[in-house]
file upload-v8.cif (mmCIF, C-alpha atoms)
data_run
#
loop_
_atom_site.label_atom_id
_atom_site.label_comp_id
_atom_site.auth_asym_id
_atom_site.auth_seq_id
_atom_site.Cartn_x
_atom_site.Cartn_y
_atom_site.Cartn_z
CA MET P 1 84.25 -22.47 12.50
CA GLU P 2 86.19 -24.50 15.02
CA HIS P 3 89.42 -22.49 14.91
CA GLN P 4 88.00 -19.04 14.09
CA LEU P 5 88.68 -17.64 17.57
CA ASP P 6 92.28 -18.84 17.51
CA TRP P 7 92.84 -17.35 14.07
CA ALA P 8 91.30 -14.03 15.08
CA LEU P 9 93.40 -13.84 18.25
CA ALA P 10 96.57 -14.64 16.30
CA ALA P 11 95.79 -11.84 13.82
CA CYS P 12 95.07 -9.44 16.70
CA ALA P 13 98.39 -10.39 18.30
CA ARG P 14 100.31 -9.55 15.13
CA ILE P 15 98.51 -6.22 14.83
CA LEU P 16 98.87 -5.31 18.50
CA ARG P 17 102.57 -6.18 18.89
CA PRO P 18 103.78 -2.88 17.33
CA VAL P 19 101.10 -1.06 19.33
CA VAL P 20 102.42 -2.60 22.55
CA ARG P 21 105.96 -1.65 21.51
CA LEU P 22 104.84 1.95 21.08
CA ALA P 23 102.93 1.90 24.37
CA LEU P 24 105.93 0.66 26.34
CA ALA P 25 108.20 3.22 24.71
CA MET P 26 105.74 5.99 25.65
CA GLY P 27 105.41 4.82 29.27
CA VAL P 28 101.91 3.37 28.91
CA LYS P 29 101.14 0.68 31.51
CA HIS P 30 98.75 -2.27 31.63
CA PRO P 31 95.98 -0.42 33.56
CA HIS P 32 95.89 2.31 30.89
CA LEU P 33 95.56 -0.24 28.10
CA GLU P 34 92.97 -2.23 30.03
CA VAL P 35 90.70 0.80 30.41
CA LEU P 36 91.26 1.79 26.78
CA LEU P 37 90.42 -1.69 25.49
CA ARG P 38 87.28 -1.88 27.63
CA ASP P 39 86.05 1.49 26.38
CA LEU P 40 86.80 0.65 22.74
CA LEU P 41 85.01 -2.69 23.06
CA LEU P 42 81.91 -0.90 24.33
CA GLU P 43 82.02 1.83 21.68
CA GLU P 44 82.41 -0.68 18.85
CA ALA P 45 79.72 -2.93 20.33
CA ALA P 46 77.34 0.04 20.43
CA ARG P 47 78.24 0.90 16.83
CA SER P 48 77.54 -2.70 15.80
CA TRP P 49 74.10 -2.64 17.43
CA ARG P 50 73.25 0.72 15.83
CA LYS P 51 74.23 -0.72 12.45
CA GLN P 52 71.65 -3.48 13.10
CA GLY P 53 68.94 -0.89 13.71
CA VAL P 54 69.17 -0.56 17.51
CA PRO P 55 69.77 3.16 18.14
CA LYS P 56 70.39 2.83 21.89
CA PRO P 57 71.62 -0.66 22.87
CA ASN P 58 70.97 -1.49 26.53
CA ILE P 59 73.41 -2.69 29.16
CA SER P 60 72.50 -6.37 28.68
CA GLN P 61 73.08 -6.20 24.93
CA LEU P 62 76.48 -4.53 25.39
CA SER P 63 77.44 -6.99 28.11
CA VAL P 64 76.62 -10.03 25.99
CA THR P 65 78.42 -8.65 22.92
CA THR P 66 81.64 -7.66 24.73
CA GLY P 67 81.81 -10.27 27.48
CA LEU P 68 82.10 -7.48 30.06
CA ASN P 69 79.98 -7.66 33.19
CA ARG P 70 77.19 -5.16 33.76
CA LYS P 71 79.25 -3.21 36.29
CA ALA P 72 82.04 -2.67 33.76
CA VAL P 73 79.51 -1.58 31.15
CA THR P 74 77.89 0.97 33.44
CA ALA P 75 81.32 2.25 34.56
CA LYS P 76 81.79 3.82 31.14
CA VAL P 77 79.99 7.13 31.34
CA ARG P 78 81.52 9.07 28.43
CA GLU P 79 83.10 8.55 25.04
CA THR P 80 86.84 7.89 24.82
CA VAL P 81 88.74 11.16 24.92
CA ASP P 82 90.97 11.68 21.87
CA ALA P 83 93.89 13.91 22.89
CA LEU P 84 95.42 14.01 19.41
CA PRO P 85 94.64 16.45 16.59
CA HIS P 86 93.02 15.05 13.46
CA THR P 87 95.55 15.21 10.62
CA GLU P 88 92.93 15.58 7.90
CA VAL P 89 91.89 19.00 9.22
CA SER P 90 95.40 20.40 9.63
CA ALA P 91 95.62 23.77 7.85
CA ALA P 92 99.42 23.52 7.93
CA ALA P 93 99.38 20.12 6.20
CA LYS P 94 96.91 21.29 3.55
CA THR P 95 98.92 24.44 2.83
CA PHE P 96 102.19 22.52 2.69
CA THR P 97 100.73 19.93 0.31
CA LEU P 98 99.34 22.58 -2.02
CA TRP P 99 102.65 24.44 -1.99
CA LEU P 100 104.53 21.23 -2.80
CA GLN P 101 102.20 20.64 -5.73
CA LEU P 102 102.87 24.14 -7.08
CA VAL P 103 106.63 23.61 -6.75
CA SER P 104 106.40 20.38 -8.78
CA GLU P 105 105.10 22.53 -11.65
CA ASN P 106 107.45 25.46 -11.10
CA GLN P 107 110.63 25.08 -9.01
CA ALA P 108 110.89 28.88 -8.68
CA LEU P 109 107.93 28.76 -6.27
CA GLN P 110 109.99 26.95 -3.62
CA ARG P 111 110.76 30.41 -2.19
CA LEU P 112 107.83 32.82 -1.88
CA PRO P 113 107.32 36.31 -0.46
CA ILE P 114 105.20 35.98 2.67
CA THR P 115 102.77 38.59 1.36
CA ALA P 116 102.32 39.85 -2.19
CA GLY P 117 101.87 43.46 -1.10
CA GLY P 118 98.95 44.03 -3.44
CA VAL P 119 100.85 42.68 -6.44
CA ASP P 120 99.15 39.90 -8.44
CA ALA P 121 101.96 37.40 -7.85
CA PRO P 122 102.32 34.11 -5.92
CA SER P 123 102.91 34.50 -2.20
CA PHE P 124 102.75 32.33 0.89
CA GLU P 125 99.67 34.28 1.93
CA THR P 126 97.77 33.28 -1.22
CA VAL P 127 98.85 29.64 -0.95
CA ALA P 128 97.79 29.52 2.71
CA LYS P 129 94.44 31.10 1.88
CA LEU P 130 93.79 28.45 -0.78
CA GLY P 131 95.10 25.60 1.37
CA SER P 132 93.03 26.50 4.42
CA ARG P 133 90.03 27.73 2.43
CA GLY P 134 90.53 31.07 4.17
CA ASN P 135 89.73 29.61 7.59
CA VAL P 136 93.15 30.16 9.19
CA HIS P 137 95.35 33.26 9.02
CA HIS P 138 98.47 32.76 6.91
CA ARG P 139 100.73 33.97 9.74
CA THR P 140 99.45 31.24 12.04
CA ILE P 141 100.10 28.60 9.38
CA LEU P 142 103.58 29.91 8.63
CA ASP P 143 104.53 29.96 12.31
CA GLU P 144 103.43 26.32 12.60
CA LEU P 145 105.44 25.21 9.54
CA VAL P 146 108.52 27.06 10.82
CA ARG P 147 108.06 25.43 14.25
CA LEU P 148 107.94 22.02 12.59
CA ASN P 149 111.20 22.86 10.80
CA MET P 150 109.61 22.36 7.38
CA VAL P 151 109.77 25.96 6.21
CA ALA P 152 112.41 28.65 6.71
CA GLU P 153 111.51 32.31 7.08
CA ASP P 154 114.06 34.90 5.99
CA ASP P 155 113.96 38.51 4.81
CA GLY P 156 110.22 38.57 4.24
CA CYS P 157 110.20 35.26 2.38
CA ALA P 158 109.22 31.68 3.17
CA GLU P 159 111.10 28.72 1.69
CA LEU P 160 110.33 25.00 1.63
CA LYS P 161 112.97 22.90 3.42
CA VAL P 162 111.58 19.36 3.00
CA ASP P 163 109.68 17.43 0.33
CA GLY P 164 107.03 15.82 2.52
CA PHE P 165 104.81 16.74 5.47
CA VAL P 166 106.45 14.58 8.14
CA PRO P 167 106.55 16.57 11.41
CA VAL P 168 109.41 14.62 13.00
CA ASP P 169 110.11 17.41 15.51
CA ASP P 170 106.59 17.28 16.93
CA LEU P 171 105.78 14.08 18.84
CA GLN P 172 102.06 14.87 19.14
CA SER P 173 101.74 15.38 15.39
CA MET P 174 103.73 12.22 14.62
CA LEU P 175 101.48 10.21 16.94
CA ALA P 176 98.43 11.75 15.26
CA PHE P 177 99.66 10.65 11.82
CA LEU P 178 100.48 7.20 13.21
CA GLY P 179 96.95 6.91 14.59
CA ASP P 180 95.14 8.20 11.50
CA ASN P 181 97.23 6.37 8.88
CA GLY P 182 97.44 3.12 10.83
CA ARG P 183 93.70 3.19 11.58
CA ASP P 184 92.64 3.59 7.96
CA HIS P 185 95.13 0.99 6.71
CA LEU P 186 93.71 -1.51 9.19
CA LEU P 187 90.12 -0.48 8.43
CA ALA P 188 90.72 -1.34 4.77
CA ALA P 189 92.13 -4.76 5.69
CA VAL P 190 89.41 -5.47 8.26
CA SER P 191 86.68 -4.42 5.83
CA ASN P 192 88.04 -6.85 3.23
CA THR P 193 88.39 -9.66 5.76
CA LEU P 194 84.79 -9.25 6.89
CA GLY P 195 83.60 -9.32 3.27
CA GLU P 196 82.24 -5.78 3.25
CA GLU P 197 81.65 -3.89 0.01
CA PRO P 198 83.21 -2.23 -1.84
CA ARG P 199 86.46 -4.18 -1.66
CA MET P 200 89.32 -1.89 -0.63
CA LEU P 201 92.77 -1.79 -2.21
CA GLU P 202 95.15 -3.31 0.36
CA ARG P 203 98.18 -5.07 -1.12
CA ALA P 204 101.81 -5.71 -0.22
CA VAL P 205 104.92 -7.38 -1.69
CA PHE P 206 107.33 -9.29 0.54
CA ALA P 207 110.83 -10.73 0.09
CA ARG P 208 113.30 -12.36 2.49
CA GLY P 209 117.02 -13.05 2.19
CA LEU P 210 118.11 -9.64 0.87
CA SER P 211 121.09 -7.52 1.84
CA MET P 212 120.30 -4.45 3.92
CA GLN P 213 121.65 -2.28 1.08
CA ASP P 214 119.16 -3.81 -1.36
CA CYS P 215 116.39 -3.18 1.16
CA GLU P 216 117.37 0.49 1.26
CA ASN P 217 117.59 0.67 -2.54
CA ILE P 218 114.04 -0.67 -2.84
CA HIS P 219 112.91 1.75 -0.14
CA ARG P 220 114.39 4.66 -2.11
CA MET P 221 112.68 3.54 -5.33
CA VAL P 222 109.30 3.36 -3.58
CA ARG P 223 109.80 6.85 -2.15
CA GLU P 224 110.50 8.24 -5.61
CA ARG P 225 107.47 6.56 -7.16
CA TRP P 226 105.25 7.71 -4.30
CA THR P 227 106.30 11.34 -4.81
CA ALA P 228 104.91 11.30 -8.35
CA MET P 229 101.71 9.49 -7.36
CA HIS P 230 101.25 11.79 -4.36
CA LEU P 231 101.14 14.84 -6.59
CA GLU P 232 98.61 13.20 -8.94
CA LEU P 233 96.42 12.23 -6.00
CA VAL P 234 96.51 15.72 -4.51
CA ALA P 235 95.44 17.25 -7.83
CA GLN P 236 92.56 14.80 -8.31
CA MET P 237 91.38 15.06 -4.69
CA THR P 238 91.47 18.86 -4.87
CA ARG P 239 89.28 18.84 -7.97
CA ALA P 240 86.91 16.36 -6.32
CA VAL P 241 86.54 18.56 -3.22
CA ASP P 242 85.90 21.64 -5.36
CA ARG P 243 83.07 20.01 -7.34
CA ALA P 244 81.50 18.12 -4.41
CA PRO P 245 77.92 19.16 -3.54
CA ASN P 246 77.18 20.83 -0.22
CA GLY P 247 76.85 18.31 2.57
CA ALA P 248 78.95 15.61 0.87
CA THR P 249 80.19 13.20 3.57
CA GLY P 250 82.61 10.86 1.76
CA ARG P 251 86.23 10.67 2.89
CA ILE P 252 89.25 8.86 1.44
CA ARG P 253 92.84 8.30 2.52
CA VAL P 254 95.41 6.76 0.18
CA GLY P 255 98.70 5.66 1.68
CA ILE P 256 101.77 3.54 1.13
CA TYR P 257 104.33 2.05 3.46
CA THR P 258 107.67 0.24 3.46
CA TYR P 259 109.23 -1.58 6.40
CA TYR P 260 112.45 -3.56 6.53
CA GLU P 261 114.74 -4.93 9.24
CA ASP P 262 117.67 -7.26 9.77
CA GLU P 263 116.25 -10.62 10.84
CA ALA P 264 119.70 -11.80 11.88
CA VAL P 265 119.28 -9.91 15.16
CA PRO P 266 118.05 -12.60 17.59
CA ASN P 267 114.87 -12.09 19.61
CA ALA P 268 115.54 -12.78 23.28
CA PRO P 269 112.82 -14.49 25.37
CA ALA P 270 110.39 -11.96 26.77
CA VAL P 271 110.63 -13.45 30.29
CA ALA P 272 113.61 -15.26 31.78
CA SER P 273 113.04 -18.83 32.93
CA PRO P 274 113.39 -19.72 36.64
CA ARG P 275 116.68 -21.49 35.85
CA GLU P 276 118.06 -18.38 34.11
CA GLU P 277 117.02 -16.26 37.08
CA ALA P 278 118.81 -18.64 39.43
CA GLU P 279 121.97 -18.53 37.30
CA ARG P 280 121.87 -14.73 37.37
CA GLU P 281 121.56 -14.77 41.15
CA THR P 282 124.66 -16.98 41.49
CA THR P 283 126.76 -14.78 39.19
CA ARG P 284 125.90 -11.38 40.68
#
call {"tool": "encode", "arguments": {"input": "upload-v8.cif", "output": "structure tokens"}}
result
Amino acid sequence: MEHQLDWALAACARILRPVVRLALAMGVKHPHLEVLLRDLLLEEAARSWRKQGVPKPNISQLSVTTGLNRKAVTAKVRETVDALPHTEVSAAAKTFTLWLQLVSENQALQRLPITAGGVDAPSFETVAKLGSRGNVHHRTILDELVRLNMVAEDDGCAELKVDGFVPVDDLQSMLAFLGDNGRDHLLAAVSNTLGEEPRMLERAVFARGLSMQDCENIHRMVRERWTAMHLELVAQMTRAVDRAPNGATGRIRVGIYTYYEDEAVPNAPAVASPREEAERETTR
């Protein structure tokens, strides 16, 4: 198609703008992004060739697919290093989610003794053992939840302080959730755009010309509805994991998002024109 490249670049620009905003805020510079983009191009090109039945694509194949010269292709000697934890394997997140589900059924469980002391009663230890499948000690999980300011520890008891696993006091964890959630949202949209099967659920509703208060009211409604759906999803996913056969490899992430802003705030030009620079010089 004549304009396919232009359309694809325009879509990439819309997707990458928030990424660039994040990068600038985190101190990431152009050379870092250039290396990252080169490496990701090569990794995805290799994945594409493997999908076509070529287990080990050669340098020429990767060069033609990515547009990188042979020297750039050979300069990549190892896979991209991922410095972030993977949120789906977080024992703290799994324990917290299970605990939240139990609280939805019985509010009295919001405060639990850390250990049951041999008594057949709910405790944080038992919840942590179920949440982590016994792979992580309950004390380690509790210390992490307290560090994240999601759970309070007092007089031998642990108490939930928030109603969602959002580790706002831990930048690394927040970036990990951003990466995992954003990746899977975009994978669903990209899969649909490329016509892959099965078709993924990826929908949104948009309105313009609202008051900021109405935007917040809608945001609050969505949060409330998500809380109920979240609990249903956790219950169904837990049952699915329990009955899955050994070696099952399927994974699923279900998410929801809301974003709003005041469009009345003008967007200044990214780069001043030569005339504006000259005017600044004369007024300094």
call {"tool": "residues_around", "arguments": {"input": "upload-v8.cif", "residues": "segment 216-222 of chain P", "least_positions_apart": "3", "cutoff": "9 Å", "atoms": "only C-alpha atoms", "output": "MDAnalysis selection string"}}
result
chainID P and resid 211:213 225:227 256:260
call {"tool": "residues_around", "arguments": {"input": "upload-v8.cif", "residues": "segment 145-150 of chain P", "least_positions_apart": "5", "cutoff": "9 Å", "atoms": "all atoms listed in the file", "output": "VMD selection string"}}
result
chain P and resid 92 to 93 96 140 158 to 170
call {"tool": "resolve_selection", "arguments": {"input": "upload-v8.cif", "expression": "the PyMOL selection byres ((chain P and resi 55-67) around 7)", "output": "count of residues only"}}
result
12
call {"tool": "atom_distance", "arguments": {"input": "upload-v8.cif", "atom1": "atom CA of Asp184 of chain P", "atom2": "atom CA of Ile252 of chain P"}}
result
9.0 Å
call {"tool": "resolve_selection", "arguments": {"input": "upload-v8.cif", "expression": "the PyMOL selection byres ((chain P and resi 120-130) around 9)", "output": "PyMOL selection string"}}
result
chain P and resi 91-92+94-96+98-99+109+111-119+131-139+141-142+157-158
call {"tool": "atom_distance", "arguments": {"input": "upload-v8.cif", "atom1": "atom CA of Leu187 of chain P", "atom2": "atom CA of Leu40 of chain P"}}
result
14.7 Å
call {"tool": "atom_distance", "arguments": {"input": "upload-v8.cif", "atom1": "atom CA of Ala207 of chain P", "atom2": "atom CA of Ala11 of chain P"}}
result
20.4 Å
call {"tool": "residues_around", "arguments": {"input": "upload-v8.cif", "residues": "Asp82 of chain P", "least_positions_apart": "4", "cutoff": "12 Å", "atoms": "only C-alpha atoms", "output": "ChimeraX atom specification"}}
result
/P:36,40,78,86,172,175-176,179-180
call {"tool": "write_last_selection", "arguments": {"input": "upload-v8.cif", "atoms": "C-alpha atoms", "output": "short mmCIF file (atom, residue, chain, number, x, y, z; two decimals), keeping the file's coordinate frame"}}
result
data_model
loop_
_atom_site.label_atom_id
_atom_site.label_comp_id
_atom_site.auth_asym_id
_atom_site.auth_seq_id
_atom_site.Cartn_x
_atom_site.Cartn_y
_atom_site.Cartn_z
CA LEU P 36 91.26 1.79 26.78
CA LEU P 40 86.80 0.65 22.74
CA ARG P 78 81.52 9.07 28.43
CA HIS P 86 93.02 15.05 13.46
CA GLN P 172 102.06 14.87 19.14
CA LEU P 175 101.48 10.21 16.94
CA ALA P 176 98.43 11.75 15.26
CA GLY P 179 96.95 6.91 14.59
CA ASP P 180 95.14 8.20 11.50
#
call {"tool": "closest_residue", "arguments": {"input": "upload-v8.cif", "among": "P:Leu102, P:Val35, P:Val89, P:Cys12", "to": "Ala72 of chain P", "atoms": "only C-alpha atoms"}}
result
P:Val35
call {"tool": "closest_residue", "arguments": {"input": "upload-v8.cif", "among": "P:Ala264, P:Ala189, P:Ala23, P:Val234", "to": "Leu210 of chain P", "atoms": "only C-alpha atoms"}}
result
P:Ala264
call {"tool": "closest_residue", "arguments": {"input": "upload-v8.cif", "among": "P:Leu186, P:Val151, P:Leu171, P:Val81", "to": "Arg14 of chain P", "atoms": "only C-alpha atoms"}}
result
P:Leu186
call {"tool": "build_atoms", "arguments": {"input": "upload-v8.cif", "residues": "segment 15-26 of chain P", "atoms": "all heavy atoms", "output": "JSON list (two decimals), in the coordinates of the input"}}
result
[["chain", "number", "residue", "atom", "x", "y", "z"],
["P", 15, "ILE", "N", 98.82, -7.64, 14.97],
["P", 15, "ILE", "CA", 98.51, -6.22, 14.83],
["P", 15, "ILE", "C", 98.91, -5.44, 16.07],
["P", 15, "ILE", "O", 99.45, -4.34, 16.00],
["P", 15, "ILE", "CB", 96.99, -6.04, 14.57],
["P", 15, "ILE", "CG1", 96.62, -6.60, 13.19],
["P", 15, "ILE", "CG2", 96.59, -4.56, 14.66],
["P", 15, "ILE", "CD1", 95.12, -6.71, 12.97],
["P", 16, "LEU", "N", 98.66, -6.04, 17.24],
["P", 16, "LEU", "CA", 98.87, -5.31, 18.50],
["P", 16, "LEU", "C", 100.33, -5.26, 18.94],
["P", 16, "LEU", "O", 100.69, -4.41, 19.77],
["P", 16, "LEU", "CB", 98.02, -5.94, 19.60],
["P", 16, "LEU", "CG", 96.50, -5.70, 19.50],
["P", 16, "LEU", "CD1", 95.76, -6.49, 20.56],
["P", 16, "LEU", "CD2", 96.21, -4.22, 19.65],
["P", 17, "ARG", "N", 101.17, -6.17, 18.42],
["P", 17, "ARG", "CA", 102.57, -6.18, 18.89],
["P", 17, "ARG", "C", 103.25, -4.83, 18.68],
["P", 17, "ARG", "O", 103.88, -4.30, 19.60],
["P", 17, "ARG", "CB", 103.35, -7.30, 18.22],
["P", 17, "ARG", "CG", 104.75, -7.49, 18.81],
["P", 17, "ARG", "CD", 105.42, -8.74, 18.26],
["P", 17, "ARG", "NE", 104.71, -9.94, 18.64],
["P", 17, "ARG", "CZ", 104.83, -10.54, 19.82],
["P", 17, "ARG", "NH1", 105.64, -10.04, 20.74],
["P", 17, "ARG", "NH2", 104.15, -11.64, 20.08],
["P", 18, "PRO", "N", 103.17, -4.21, 17.48],
["P", 18, "PRO", "CA", 103.78, -2.88, 17.33],
["P", 18, "PRO", "C", 103.11, -1.83, 18.22],
["P", 18, "PRO", "O", 103.76, -0.90, 18.68],
["P", 18, "PRO", "CB", 103.58, -2.55, 15.85],
["P", 18, "PRO", "CG", 103.18, -3.81, 15.19],
["P", 18, "PRO", "CD", 102.61, -4.71, 16.22],
["P", 19, "VAL", "N", 101.80, -2.00, 18.45],
["P", 19, "VAL", "CA", 101.10, -1.06, 19.33],
["P", 19, "VAL", "C", 101.64, -1.17, 20.75],
["P", 19, "VAL", "O", 101.87, -0.15, 21.43],
["P", 19, "VAL", "CB", 99.58, -1.34, 19.31],
["P", 19, "VAL", "CG1", 98.85, -0.46, 20.31],
["P", 19, "VAL", "CG2", 99.02, -1.13, 17.91],
["P", 20, "VAL", "N", 101.86, -2.39, 21.21],
["P", 20, "VAL", "CA", 102.42, -2.60, 22.55],
["P", 20, "VAL", "C", 103.84, -2.04, 22.63],
["P", 20, "VAL", "O", 104.25, -1.44, 23.63],
["P", 20, "VAL", "CB", 102.39, -4.09, 22.91],
["P", 20, "VAL", "CG1", 103.18, -4.36, 24.19],
["P", 20, "VAL", "CG2", 100.95, -4.56, 23.08],
["P", 21, "ARG", "N", 104.60, -2.21, 21.55],
["P", 21, "ARG", "CA", 105.96, -1.65, 21.51],
["P", 21, "ARG", "C", 105.92, -0.14, 21.68],
["P", 21, "ARG", "O", 106.70, 0.44, 22.44],
["P", 21, "ARG", "CB", 106.65, -2.03, 20.20],
["P", 21, "ARG", "CG", 108.09, -1.55, 20.09],
["P", 21, "ARG", "CD", 108.72, -1.96, 18.77],
["P", 21, "ARG", "NE", 108.70, -3.40, 18.59],
["P", 21, "ARG", "CZ", 109.16, -4.03, 17.50],
["P", 21, "ARG", "NH1", 109.65, -3.31, 16.49],
["P", 21, "ARG", "NH2", 109.12, -5.34, 17.41],
["P", 22, "LEU", "N", 105.00, 0.50, 20.96],
["P", 22, "LEU", "CA", 104.84, 1.95, 21.08],
["P", 22, "LEU", "C", 104.41, 2.32, 22.49],
["P", 22, "LEU", "O", 104.94, 3.27, 23.09],
["P", 22, "LEU", "CB", 103.80, 2.44, 20.07],
["P", 22, "LEU", "CG", 103.37, 3.90, 20.20],
["P", 22, "LEU", "CD1", 104.51, 4.83, 19.78],
["P", 22, "LEU", "CD2", 102.12, 4.18, 19.37],
["P", 23, "ALA", "N", 103.44, 1.59, 23.04],
["P", 23, "ALA", "CA", 102.93, 1.90, 24.37],
["P", 23, "ALA", "C", 104.03, 1.84, 25.42],
["P", 23, "ALA", "O", 104.16, 2.74, 26.26],
["P", 23, "ALA", "CB", 101.80, 0.93, 24.72],
["P", 24, "LEU", "N", 104.84, 0.79, 25.37],
["P", 24, "LEU", "CA", 105.93, 0.66, 26.34],
["P", 24, "LEU", "C", 106.94, 1.78, 26.19],
["P", 24, "LEU", "O", 107.45, 2.32, 27.18],
["P", 24, "LEU", "CB", 106.62, -0.70, 26.18],
["P", 24, "LEU", "CG", 105.77, -1.93, 26.55],
["P", 24, "LEU", "CD1", 106.54, -3.21, 26.24],
["P", 24, "LEU", "CD2", 105.40, -1.90, 28.03],
["P", 25, "ALA", "N", 107.23, 2.15, 24.94],
["P", 25, "ALA", "CA", 108.20, 3.22, 24.71],
["P", 25, "ALA", "C", 107.69, 4.56, 25.22],
["P", 25, "ALA", "O", 108.47, 5.44, 25.61],
["P", 25, "ALA", "CB", 108.52, 3.32, 23.21],
["P", 26, "MET", "N", 106.34, 4.74, 25.22],
["P", 26, "MET", "CA", 105.74, 5.99, 25.65],
["P", 26, "MET", "C", 105.37, 5.98, 27.14],
["P", 26, "MET", "O", 104.81, 6.93, 27.65],
["P", 26, "MET", "CB", 104.47, 6.27, 24.84],
["P", 26, "MET", "CG", 104.69, 6.53, 23.36],
["P", 26, "MET", "SD", 105.41, 8.16, 23.02],
["P", 26, "MET", "CE", 107.07, 7.66, 22.55]]
